[in-house]
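Student: Enclosed is the structure file input-v3.cif (mmCIF, C-alpha atoms and all ligand atoms).
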```cif
data_data
loop_
_atom_site.group_PDB
_atom_site.id
_atom_site.type_symbol
_atom_site.label_atom_id
_atom_site.label_comp_id
_atom_site.auth_asym_id
_atom_site.auth_seq_id
_atom_site.Cartn_x
_atom_site.Cartn_y
_atom_site.Cartn_z
ATOM 1 C CA MET A 26 -7.730 0.783 -3.922
ATOM 2 C CA ILE A 27 -7.641 4.362 -2.691
ATOM 3 C CA GLN A 28 -9.990 6.893 -4.273
ATOM 4 C CA VAL A 29 -9.403 10.546 -3.497
ATOM 5 C CA LYS A 30 -12.051 12.948 -4.798
ATOM 6 C CA ASN A 31 -11.695 16.721 -4.671
ATOM 7 C CA LEU A 32 -9.678 16.602 -1.468
ATOM 8 C CA THR A 33 -9.025 19.986 0.137
ATOM 9 C CA LYS A 34 -7.338 20.557 3.486
ATOM 10 C CA ILE A 35 -7.140 24.008 5.005
ATOM 11 C CA TYR A 36 -5.211 24.444 8.254
ATOM 12 C CA ARG A 37 -6.225 27.224 10.632
ATOM 13 C CA LEU A 38 -3.057 28.971 11.724
ATOM 14 C CA ASN A 39 -2.505 30.249 15.252
ATOM 15 C CA LYS A 40 -0.052 33.091 15.967
ATOM 16 C CA LYS A 41 2.850 30.666 16.413
ATOM 17 C CA GLU A 42 2.084 28.920 13.108
ATOM 18 C CA MET A 43 1.699 32.295 11.353
ATOM 19 C CA ASN A 44 5.161 33.290 12.573
ATOM 20 C CA LYS A 45 6.606 29.932 11.629
ATOM 21 C CA GLN A 46 5.173 30.109 8.130
ATOM 22 C CA ASN A 47 6.036 33.812 7.865
ATOM 23 C CA THR A 48 2.515 34.833 6.824
ATOM 24 C CA ARG A 49 -0.288 37.163 7.890
ATOM 25 C CA GLU A 50 -2.906 34.745 6.585
ATOM 26 C CA LYS A 51 -4.934 32.997 9.282
ATOM 27 C CA SER A 52 -5.254 29.847 7.212
ATOM 28 C CA LYS A 53 -3.175 27.754 4.856
ATOM 29 C CA ILE A 54 -4.577 25.737 1.938
ATOM 30 C CA ALA A 55 -2.233 22.754 2.186
ATOM 31 C CA VAL A 56 -4.104 20.547 -0.292
ATOM 32 C CA ASP A 57 -6.255 22.192 -2.934
ATOM 33 C CA ASP A 58 -8.949 20.118 -4.657
ATOM 34 C CA ILE A 59 -6.937 17.066 -5.653
ATOM 35 C CA SER A 60 -8.312 13.819 -7.088
ATOM 36 C CA PHE A 61 -6.529 10.578 -7.900
ATOM 37 C CA GLU A 62 -6.743 6.802 -7.593
ATOM 38 C CA ALA A 63 -4.152 4.364 -6.268
ATOM 39 C CA LYS A 64 -4.889 0.817 -7.385
ATOM 40 C CA GLU A 65 -4.057 -2.736 -6.314
ATOM 41 C CA ASN A 66 -0.929 -4.207 -7.894
ATOM 42 C CA ARG A 67 0.381 -0.693 -8.403
ATOM 43 C CA ILE A 68 2.664 1.792 -6.691
ATOM 44 C CA PHE A 69 1.355 5.345 -6.739
ATOM 45 C CA GLY A 70 3.672 8.271 -6.027
ATOM 46 C CA LEU A 71 2.763 11.659 -4.595
ATOM 47 C CA LEU A 72 5.673 13.775 -5.704
ATOM 48 C CA GLY A 73 6.561 17.327 -4.860
ATOM 49 C CA PRO A 74 8.925 19.725 -3.106
ATOM 50 C CA ASN A 75 8.897 20.614 0.606
ATOM 51 C CA GLY A 76 5.560 22.000 1.713
ATOM 52 C CA ALA A 77 3.681 20.795 -1.394
ATOM 53 C CA GLY A 78 1.054 18.990 0.693
ATOM 54 C CA LYS A 79 2.201 15.355 0.364
ATOM 55 C CA THR A 80 2.142 14.482 4.068
ATOM 56 C CA THR A 81 -1.162 16.320 4.550
ATOM 57 C CA ALA A 82 -2.819 14.279 1.771
ATOM 58 C CA LEU A 83 -1.417 11.013 3.165
ATOM 59 C CA ARG A 84 -2.537 11.901 6.709
ATOM 60 C CA CYS A 85 -6.076 12.467 5.403
ATOM 61 C CA ILE A 86 -6.012 9.038 3.696
ATOM 62 C CA ALA A 87 -4.696 7.437 6.898
ATOM 63 C CA THR A 88 -7.617 8.977 8.886
ATOM 64 C CA LEU A 89 -5.248 10.983 11.115
ATOM 65 C CA ILE A 90 -6.764 14.311 10.080
ATOM 66 C CA LYS A 91 -10.117 15.250 8.549
ATOM 67 C CA PRO A 92 -10.359 16.769 5.095
ATOM 68 C CA THR A 93 -11.880 20.255 4.924
ATOM 69 C CA SER A 94 -13.837 19.032 1.896
ATOM 70 C CA GLY A 95 -13.856 16.190 -0.586
ATOM 71 C CA SER A 96 -13.969 12.455 0.062
ATOM 72 C CA ILE A 97 -11.609 9.504 0.349
ATOM 73 C CA THR A 98 -12.356 5.790 0.253
ATOM 74 C CA VAL A 99 -9.929 2.964 1.005
ATOM 75 C CA ASN A 100 -11.023 -0.432 -0.330
ATOM 76 C CA GLY A 101 -14.547 0.981 -0.420
ATOM 77 C CA TYR A 102 -14.550 2.345 3.153
ATOM 78 C CA ASP A 103 -15.051 6.063 3.636
ATOM 79 C CA THR A 104 -12.274 7.555 5.782
ATOM 80 C CA ILE A 105 -14.746 9.626 7.837
ATOM 81 C CA ASP A 106 -17.714 7.254 8.212
ATOM 82 C CA HIS A 107 -15.673 4.037 8.481
ATOM 83 C CA SER A 108 -12.337 5.150 9.886
ATOM 84 C CA LEU A 109 -11.901 2.002 12.022
ATOM 85 C CA GLU A 110 -12.305 -0.264 8.994
ATOM 86 C CA VAL A 111 -9.873 1.930 7.043
ATOM 87 C CA ARG A 112 -7.303 1.660 9.837
ATOM 88 C CA ARG A 113 -7.516 -2.126 9.671
ATOM 89 C CA GLU A 114 -6.772 -2.080 5.941
ATOM 90 C CA ILE A 115 -3.778 0.246 6.039
ATOM 91 C CA CYS A 116 -0.383 0.949 7.474
ATOM 92 C CA PHE A 117 1.040 4.445 7.651
ATOM 93 C CA LEU A 118 4.753 5.117 7.812
ATOM 94 C CA THR A 119 5.681 8.652 8.766
ATOM 95 C CA ASN A 120 8.772 10.238 10.200
ATOM 96 C CA GLU A 121 6.538 11.751 12.863
ATOM 97 C CA LEU A 122 6.071 8.301 14.431
ATOM 98 C CA LYS A 123 7.581 8.491 17.887
ATOM 99 C CA LEU A 124 8.891 5.194 19.190
ATOM 100 C CA ASP A 125 9.428 4.843 22.937
ATOM 101 C CA THR A 126 13.180 5.180 23.451
ATOM 102 C CA HIS A 127 13.230 2.825 26.475
ATOM 103 C CA PHE A 128 11.676 -0.047 24.523
ATOM 104 C CA THR A 129 13.659 -2.507 22.430
ATOM 105 C CA PRO A 130 12.707 -3.258 18.794
ATOM 106 C CA LYS A 131 11.519 -6.748 19.837
ATOM 107 C CA TYR A 132 9.266 -5.368 22.576
ATOM 108 C CA THR A 133 7.938 -2.634 20.270
ATOM 109 C CA MET A 134 6.829 -5.224 17.698
ATOM 110 C CA GLU A 135 5.042 -7.226 20.425
ATOM 111 C CA PHE A 136 3.385 -4.064 21.694
ATOM 112 C CA PHE A 137 2.053 -3.072 18.267
ATOM 113 C CA GLY A 138 1.103 -6.670 17.403
ATOM 114 C CA LYS A 139 -1.059 -6.815 20.535
ATOM 115 C CA LEU A 140 -2.648 -3.465 19.622
ATOM 116 C CA TYR A 141 -3.807 -5.164 16.423
ATOM 117 C CA SER A 142 -5.081 -8.140 18.489
ATOM 118 C CA MET A 143 -2.658 -10.493 16.741
ATOM 119 C CA GLU A 144 -2.023 -13.997 18.150
ATOM 120 C CA PRO A 145 1.369 -14.307 19.947
ATOM 121 C CA GLY A 146 2.545 -16.958 17.442
ATOM 122 C CA ASN A 147 1.618 -14.706 14.577
ATOM 123 C CA ILE A 148 3.441 -11.723 16.138
ATOM 124 C CA TYR A 149 6.549 -13.912 16.611
ATOM 125 C CA ARG A 150 6.488 -15.202 13.017
ATOM 126 C CA ARG A 151 5.879 -11.797 11.480
ATOM 127 C CA THR A 152 8.555 -10.123 13.664
ATOM 128 C CA LYS A 153 11.127 -12.729 12.636
ATOM 129 C CA GLU A 154 10.218 -12.313 8.969
ATOM 130 C CA LEU A 155 10.449 -8.498 9.050
ATOM 131 C CA PHE A 156 13.549 -8.374 11.280
ATOM 132 C CA THR A 157 15.373 -10.721 8.907
ATOM 133 C CA ARG A 158 14.151 -8.795 5.902
ATOM 134 C CA PHE A 159 15.274 -5.392 7.176
ATOM 135 C CA ALA A 160 18.379 -6.622 9.066
ATOM 136 C CA ILE A 161 17.054 -5.695 12.511
ATOM 137 C CA GLU A 162 17.973 -9.032 14.192
ATOM 138 C CA ASP A 163 21.368 -7.742 15.365
ATOM 139 C CA PHE A 164 19.932 -4.866 17.368
ATOM 140 C CA LYS A 165 16.530 -6.268 18.316
ATOM 141 C CA ASN A 166 17.373 -6.133 22.038
ATOM 142 C CA THR A 167 19.000 -2.672 22.048
ATOM 143 C CA PRO A 168 16.942 0.186 23.536
ATOM 144 C CA ILE A 169 15.601 2.391 20.725
ATOM 145 C CA GLY A 170 17.235 5.465 22.280
ATOM 146 C CA GLU A 171 20.631 3.980 21.388
ATOM 147 C CA LEU A 172 19.822 3.328 17.710
ATOM 148 C CA SER A 173 20.919 5.409 14.714
ATOM 149 C CA THR A 174 18.413 7.341 12.533
ATOM 150 C CA GLY A 175 18.553 4.651 9.843
ATOM 151 C CA MET A 176 18.050 1.837 12.358
ATOM 152 C CA LYS A 177 15.001 3.647 13.769
ATOM 153 C CA GLN A 178 13.609 4.155 10.266
ATOM 154 C CA LYS A 179 14.019 0.428 9.526
ATOM 155 C CA LEU A 180 12.227 -0.403 12.779
ATOM 156 C CA SER A 181 9.431 2.081 11.978
ATOM 157 C CA ILE A 182 8.940 0.283 8.661
ATOM 158 C CA ALA A 183 8.801 -3.133 10.351
ATOM 159 C CA VAL A 184 6.413 -1.859 13.041
ATOM 160 C CA SER A 185 4.081 -0.336 10.460
ATOM 161 C CA LEU A 186 3.916 -3.672 8.585
ATOM 162 C CA ILE A 187 3.364 -5.972 11.577
ATOM 163 C CA HIS A 188 -0.323 -6.672 10.745
ATOM 164 C CA ASP A 189 0.354 -7.405 7.049
ATOM 165 C CA PRO A 190 -1.860 -4.571 5.766
ATOM 166 C CA LYS A 191 -3.531 -4.605 2.338
ATOM 167 C CA VAL A 192 -2.792 -0.939 1.722
ATOM 168 C CA ILE A 193 0.674 0.480 2.321
ATOM 169 C CA ILE A 194 1.016 4.233 2.832
ATOM 170 C CA PHE A 195 4.656 5.283 3.157
ATOM 171 C CA ASP A 196 5.591 8.947 3.618
ATOM 172 C CA GLU A 197 9.165 9.459 2.345
ATOM 173 C CA PRO A 198 10.121 5.800 2.950
ATOM 174 C CA THR A 199 13.799 6.072 2.029
ATOM 175 C CA ASN A 200 14.521 9.164 4.155
ATOM 176 C CA GLY A 201 17.567 8.712 6.355
ATOM 177 C CA LEU A 202 18.482 5.340 4.856
ATOM 178 C CA ASP A 203 21.779 4.406 3.210
ATOM 179 C CA ILE A 204 21.512 3.160 -0.381
ATOM 180 C CA ILE A 205 21.672 -0.531 0.588
ATOM 181 C CA THR A 206 18.861 -0.219 3.111
ATOM 182 C CA ALA A 207 16.904 2.078 0.793
ATOM 183 C CA LYS A 208 17.124 -0.659 -1.836
ATOM 184 C CA SER A 209 15.816 -3.287 0.592
ATOM 185 C CA VAL A 210 12.808 -1.032 1.222
ATOM 186 C CA THR A 211 12.108 -0.294 -2.441
ATOM 187 C CA ASP A 212 12.558 -3.999 -3.331
ATOM 188 C CA TYR A 213 10.102 -4.878 -0.566
ATOM 189 C CA LEU A 214 7.541 -2.393 -1.912
ATOM 190 C CA LEU A 215 7.892 -3.935 -5.393
ATOM 191 C CA GLU A 216 7.232 -7.371 -3.872
ATOM 192 C CA MET A 217 4.186 -6.043 -2.027
ATOM 193 C CA LYS A 218 2.886 -4.636 -5.287
ATOM 194 C CA ALA A 219 3.387 -8.027 -6.973
ATOM 195 C CA ALA A 220 1.523 -9.639 -4.069
ATOM 196 C CA GLY A 221 -1.527 -7.524 -4.945
ATOM 197 C CA LYS A 222 -1.249 -4.747 -2.365
ATOM 198 C CA THR A 223 -2.067 -1.113 -2.987
ATOM 199 C CA VAL A 224 1.023 0.997 -2.352
ATOM 200 C CA ILE A 225 1.186 4.784 -2.128
ATOM 201 C CA ILE A 226 4.354 6.658 -1.310
ATOM 202 C CA SER A 227 5.396 10.270 -1.143
ATOM 203 C CA THR A 228 8.826 11.386 -2.204
ATOM 204 C CA HIS A 229 10.718 14.406 -3.458
ATOM 205 C CA ILE A 230 13.373 12.155 -4.987
ATOM 206 C CA MET A 231 12.438 11.762 -8.649
ATOM 207 C CA SER A 232 14.853 8.871 -9.275
ATOM 208 C CA VAL A 233 13.101 6.853 -6.541
ATOM 209 C CA ALA A 234 9.724 7.642 -8.100
ATOM 210 C CA GLU A 235 10.945 6.758 -11.580
ATOM 211 C CA LYS A 236 12.187 3.337 -10.465
ATOM 212 C CA LEU A 237 9.280 2.523 -8.197
ATOM 213 C CA CYS A 238 6.043 4.152 -9.248
ATOM 214 C CA ASP A 239 3.634 3.004 -11.931
ATOM 215 C CA GLU A 240 1.568 6.142 -11.620
ATOM 216 C CA ALA A 241 2.164 9.474 -9.961
ATOM 217 C CA ALA A 242 0.792 12.928 -9.280
ATOM 218 C CA ILE A 243 3.083 15.926 -9.047
ATOM 219 C CA LEU A 244 1.906 18.256 -6.300
ATOM 220 C CA LEU A 245 2.916 21.899 -6.397
ATOM 221 C CA ASP A 246 1.601 24.207 -3.714
ATOM 222 C CA GLY A 247 -1.277 21.853 -2.896
ATOM 223 C CA LYS A 248 -2.446 21.355 -6.482
ATOM 224 C CA ILE A 249 -1.836 18.511 -8.928
ATOM 225 C CA SER A 250 0.147 19.929 -11.814
ATOM 226 C CA ALA A 251 0.602 16.633 -13.672
ATOM 227 C CA SER A 252 -0.559 13.052 -13.239
ATOM 228 C CA GLY A 253 -0.593 9.713 -15.007
ATOM 229 C CA THR A 254 1.976 7.014 -15.625
ATOM 230 C CA ILE A 255 5.603 8.128 -15.349
ATOM 231 C CA ALA A 256 5.888 7.752 -19.142
ATOM 232 C CA GLU A 257 2.786 9.911 -19.676
ATOM 233 C CA ILE A 258 4.071 12.690 -17.383
ATOM 234 C CA CYS A 259 7.421 12.708 -19.213
ATOM 235 C CA LYS A 260 5.793 12.665 -22.651
ATOM 236 C CA GLU A 261 3.272 15.427 -21.856
ATOM 237 C CA ASN A 262 6.140 17.662 -20.783
ATOM 238 C CA GLY A 263 8.371 16.748 -23.698
ATOM 239 C CA GLU A 264 11.093 15.322 -21.457
ATOM 240 C CA SER A 265 12.791 11.939 -21.394
ATOM 241 C CA ASN A 266 12.990 11.640 -17.611
ATOM 242 C CA LEU A 267 10.857 12.514 -14.612
ATOM 243 C CA GLU A 268 13.364 14.870 -12.998
ATOM 244 C CA ASP A 269 13.432 17.142 -16.063
ATOM 245 C CA ALA A 270 9.629 16.978 -16.369
ATOM 246 C CA PHE A 271 9.389 17.978 -12.696
ATOM 247 C CA TYR A 272 11.762 20.948 -13.085
ATOM 248 C CA LYS A 273 9.824 22.117 -16.124
ATOM 249 C CA LEU A 274 6.525 22.062 -14.223
ATOM 250 C CA TYR A 275 8.077 23.621 -11.125
ATOM 251 C CA PHE A 276 9.712 26.543 -12.920
ATOM 252 C CA ALA A 277 6.648 27.156 -15.126
ATOM 253 C CA GLU A 278 4.512 27.371 -11.961
ATOM 254 C CA ASN A 279 6.903 29.730 -10.171
ATOM 255 C CA GLU A 280 7.458 31.851 -13.263
ATOM 256 C CA GLY A 281 3.664 32.184 -13.499
ATOM 257 C CA ARG A 282 3.450 33.342 -9.910
ATOM 258 C CA ARG A 283 6.017 36.098 -10.369
ATOM 259 C CA THR A 284 4.188 37.697 -13.310
HETATM 260 N N1 LIG B 301 -0.494 21.126 11.388
HETATM 261 C C1 LIG B 301 -0.312 22.143 10.548
HETATM 262 N N2 LIG B 301 -0.769 23.384 10.831
HETATM 263 C C2 LIG B 301 -0.597 24.394 9.968
HETATM 264 N N3 LIG B 301 0.011 24.305 8.772
HETATM 265 C C3 LIG B 301 0.493 23.095 8.433
HETATM 266 C C4 LIG B 301 0.372 21.954 9.298
HETATM 267 N N4 LIG B 301 0.951 20.892 8.694
HETATM 268 C C5 LIG B 301 1.428 21.342 7.516
HETATM 269 N N5 LIG B 301 1.163 22.653 7.352
HETATM 270 C C6 LIG B 301 1.495 23.472 6.172
HETATM 271 O O1 LIG B 301 0.847 22.903 5.047
HETATM 272 C C7 LIG B 301 1.704 22.893 3.903
HETATM 273 C C8 LIG B 301 1.881 21.475 3.402
HETATM 274 O O2 LIG B 301 2.623 20.748 4.355
HETATM 275 P P1 LIG B 301 2.979 19.199 4.192
HETATM 276 O O3 LIG B 301 3.678 18.783 5.433
HETATM 277 O O4 LIG B 301 1.745 18.464 3.825
HETATM 278 O O5 LIG B 301 3.973 19.219 2.945
HETATM 279 P P2 LIG B 301 4.949 18.086 2.371
HETATM 280 O O6 LIG B 301 4.740 18.048 0.904
HETATM 281 O O7 LIG B 301 4.766 16.831 3.136
HETATM 282 O O8 LIG B 301 6.392 18.710 2.655
HETATM 283 P P3 LIG B 301 7.800 17.993 3.040
HETATM 284 O O9 LIG B 301 8.430 17.539 1.738
HETATM 285 O O10 LIG B 301 8.582 19.100 3.662
HETATM 286 O O11 LIG B 301 7.521 16.876 3.975
HETATM 287 C C9 LIG B 301 2.989 23.585 4.334
HETATM 288 O O12 LIG B 301 2.901 24.944 3.976
HETATM 289 C C10 LIG B 301 2.982 23.423 5.843
HETATM 290 O O13 LIG B 301 3.671 24.503 6.456
HETATM 291 MG MG MG B 302 6.046 15.634 4.255
#
```
Go through the file and emit its structure as structure tokens.
Tutor:
Amino acid sequence: MIQVKNLTKIYRLNKKEMNKQNTREKSKIAVDDISFEAKENRIFGLLGPNGAGKTTALRCIATLIKPTSGSITVNGYDTIDHSLEVRREICFLTNELKLDTHFTPKYTMEFFGKLYSMEPGNIYRRTKELFTRFAIEDFKNTPIGELSTGMKQKLSIAVSLIHDPKVIIFDEPTNGLDIITAKSVTDYLLEMKAAGKTVIISTHIMSVAEKLCDEAAILLDGKISASGTIAEICKENGESNLEDAFYKLYFAENEGRRT
């Protein structure tokens, strides 16, 4: 279970960041007072367009960055006071994960398994299971530098899951994957949910969210503009599908800003 209470994250911007973000402001409110819960046996979706604050929120949950204010607990552990315990409970998949290009997939799994102090037999068993599952066997001895984007994404997923975490945090899990591989990932997440794990994903693809998520929060410019079950979000916005509900919220928000 992940409990996020009044989470706010403000980045201080240096000159380079100010140029990059085309602003004169010295700070950016990336996440603005958001609260939600992601539960066991459920898949929770953080949905929103580019720059909405999805990755920032997930990085706070994964203890990679500190919230400016608010609190987060993962299975009862506070992400600031008990960050080590939180890290043992979770995995975090992000496209910012840099894998060493000289290593092979097989070696990378061993390396990360040892980081988690796993027994060699356990690392071997888990690697075999995940490599079979995500069709990595065929290129397990190829240096990562020679792999395609999709192959690297599959390996990143396997690496993140090596220690069989109770809480799965996946930032844009189907990015860069063909539809067959994307399906193997979404099927896997559904199995993990059925096995009692807590799963939270971010995505800007509403069809993925609709198929996968039990509950979701739509983030727009750092704020939650709708939340609940997918059916509730659709109903509240008078739409029959999530994509139309999302457009409605998005255009209402941007219309509001212009006036
Ligand atoms: N390290 C940082 N320093 C300064 N600003 C940042 C930093 N990281 C993100 N931001 C800004 O915070 C806002 C939210 O970014 P974030 O990456 O969380 O969005 P996102 O919803 O994950 O977007 P995307 O769909 O593009 O991945 C954006 O305006 C971004 O430019
Ligand atoms: Mg992101």
Student: For ligand MG 302 (chain B), return the neighbouring residues as a CSV table (one decimal) with C-alpha atoms, keeping the file's coordinate frame (distance at most 12 Å; all atoms listed in the file).
Tutor:
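Output file pocket-v4.csv follows:
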```csv
chain,number,residue,atom,x,y,z
A,55,ALA,CA,-2.2,22.8,2.2
A,71,LEU,CA,2.8,11.7,-4.6
A,72,LEU,CA,5.7,13.8,-5.7
A,73,GLY,CA,6.6,17.3,-4.9
A,74,PRO,CA,8.9,19.7,-3.1
A,75,ASN,CA,8.9,20.6,0.6
A,76,GLY,CA,5.6,22.0,1.7
A,77,ALA,CA,3.7,20.8,-1.4
A,78,GLY,CA,1.1,19.0,0.7
A,79,LYS,CA,2.2,15.4,0.4
A,80,THR,CA,2.1,14.5,4.1
A,81,THR,CA,-1.2,16.3,4.6
A,82,ALA,CA,-2.8,14.3,1.8
A,83,LEU,CA,-1.4,11.0,3.2
A,84,ARG,CA,-2.5,11.9,6.7
A,118,LEU,CA,4.8,5.1,7.8
A,119,THR,CA,5.7,8.7,8.8
A,120,ASN,CA,8.8,10.2,10.2
A,121,GLU,CA,6.5,11.8,12.9
A,195,PHE,CA,4.7,5.3,3.2
A,196,ASP,CA,5.6,8.9,3.6
A,197,GLU,CA,9.2,9.5,2.3
A,198,PRO,CA,10.1,5.8,3.0
A,200,ASN,CA,14.5,9.2,4.2
A,226,ILE,CA,4.4,6.7,-1.3
A,227,SER,CA,5.4,10.3,-1.1
A,228,THR,CA,8.8,11.4,-2.2
A,229,HIS,CA,10.7,14.4,-3.5
A,244,LEU,CA,1.9,18.3,-6.3
A,247,GLY,CA,-1.3,21.9,-2.9
```
Student: What is the CA of Thr254 (chain A)-CA of Asp239 (chain A) distance in Å, reported with one decimal?
Tutor: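 Atom-to-atom, CA of Thr254 (chain A) and CA of Asp239 (chain A) are spaced 5.7 Å apart.
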Student: Quick one: residues within 10 Å of Glu216 (chain A), only C-alpha atoms, excluding same-chain residues fewer than 6 positions away - as a PDB file with C-alpha atoms, in the coordinates of the input?
Tutor:
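What follows is the written file result-v4.pdb:
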```
ATOM      1  CA  ASN A  66      -0.929  -4.207  -7.894  1.00  0.00           C
ATOM      2  CA  VAL A 210      12.808  -1.032   1.222  1.00  0.00           C
ATOM      3  CA  LYS A 222      -1.249  -4.747  -2.365  1.00  0.00           C
TER       4      LYS A 222
END
```
Student: Run the PyMOL selection byres (((chain A and resi 61) around 12) and not hetatm) on the file and write out the hits as a VMD selection string.
Tutor: chain A and resid 26 to 32 58 to 60 62 to 64 69 to 71 82 86 95 to 98 225 240 to 244 248 to 249 251 to 253
Student: Please write the residues from the selection above to a file, keeping C-alpha atoms, as a compact mmCIF listing (two decimals), in the coordinates of the input.
Tutor:
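Below is the file out.txt, written as the result:
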```txt
# COMPACT_ATOMS: atom_id res chain seq x y z
CA MET A 26 -7.73 0.78 -3.92
CA ILE A 27 -7.64 4.36 -2.69
CA GLN A 28 -9.99 6.89 -4.27
CA VAL A 29 -9.40 10.55 -3.50
CA LYS A 30 -12.05 12.95 -4.80
CA ASN A 31 -11.70 16.72 -4.67
CA LEU A 32 -9.68 16.60 -1.47
CA ASP A 58 -8.95 20.12 -4.66
CA ILE A 59 -6.94 17.07 -5.65
CA SER A 60 -8.31 13.82 -7.09
CA GLU A 62 -6.74 6.80 -7.59
CA ALA A 63 -4.15 4.36 -6.27
CA LYS A 64 -4.89 0.82 -7.38
CA PHE A 69 1.36 5.34 -6.74
CA GLY A 70 3.67 8.27 -6.03
CA LEU A 71 2.76 11.66 -4.60
CA ALA A 82 -2.82 14.28 1.77
CA ILE A 86 -6.01 9.04 3.70
CA GLY A 95 -13.86 16.19 -0.59
CA SER A 96 -13.97 12.46 0.06
CA ILE A 97 -11.61 9.50 0.35
CA THR A 98 -12.36 5.79 0.25
CA ILE A 225 1.19 4.78 -2.13
CA GLU A 240 1.57 6.14 -11.62
CA ALA A 241 2.16 9.47 -9.96
CA ALA A 242 0.79 12.93 -9.28
CA ILE A 243 3.08 15.93 -9.05
CA LEU A 244 1.91 18.26 -6.30
CA LYS A 248 -2.45 21.36 -6.48
CA ILE A 249 -1.84 18.51 -8.93
CA ALA A 251 0.60 16.63 -13.67
CA SER A 252 -0.56 13.05 -13.24
CA GLY A 253 -0.59 9.71 -15.01
```
Student: Using the file's own x, y and z axes, so that the box edges lie along x, y and z, what centre and edge lengths in Å (one decimal) does a box around every listed atom of region 83-88 of chain A get when 8 Å is added on each side? Give it as lines of an AutoDock Vina configuration file.
Tutor:
```
center_x = -4.5
center_y = 10.0
center_z = 6.0
size_x = 22.2
size_y = 21.0
size_z = 21.7
```
Student: Residues within 9 Å of Thr211 (chain A), please, as a list in words. Count all atoms listed in the file; anything in the same chain fewer than 3 positions from it doesn't count.
Tutor: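 Near Thr211 (chain A), the qualifying residues are Pro198, Thr199, Thr206, Ala207, Lys208, Leu214, Leu215, Glu216, Val233, Lys236 and Leu237 of chain A.
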Student: Please indicate the distance in Å from CA of Arg67 (chain A) to atom C10 of ligand LIG 301 (chain B), rounded to one decimal place.
Tutor: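 Atom-to-atom, CA of Arg67 (chain A) and atom C10 of ligand LIG 301 (chain B) are spaced 28.1 Å apart.
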Student: Could you spell out the hits of the PyMOL selection byres (((chain A and resi 184) around 10) and not hetatm) on the shown file, as JSON, numbers by chain?
Tutor: {"A": [116, 117, 118, 124, 130, 131, 133, 134, 135, 136, 137, 138, 152, 155, 156, 178, 179, 180, 181, 182, 183, 185, 186, 187, 188]}
Student: Quote the spacing between CA of Asp125 (chain A) and CA of Lys41 (chain A) in Å to one decimal place.
Tutor: 27.4 Å
Student: Name the closest residue to Lys53 (chain A) among the candidates A:Glu264, A:Lys191, A:Ile105, A:Asp246; distances are taken between atoms, counting all atoms listed in the file.
Tutor: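 Under the stated criterion, the closest residue is A:Asp246.
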Student: Can you work out which one of A:Pro168, A:Gly263, A:Pro190, A:Gly221 has the shortest atom-to-atom distance to Val111 (chain A), counting only C-alpha atoms?
Tutor: A:Pro190
Student: From the list A:Glu257, A:Asp57, A:Glu171, A:Glu162, which residue is nearest ligand LIG 301 (chain B) when using only C-alpha atoms and all ligand atoms?
Tutor: A:Asp57
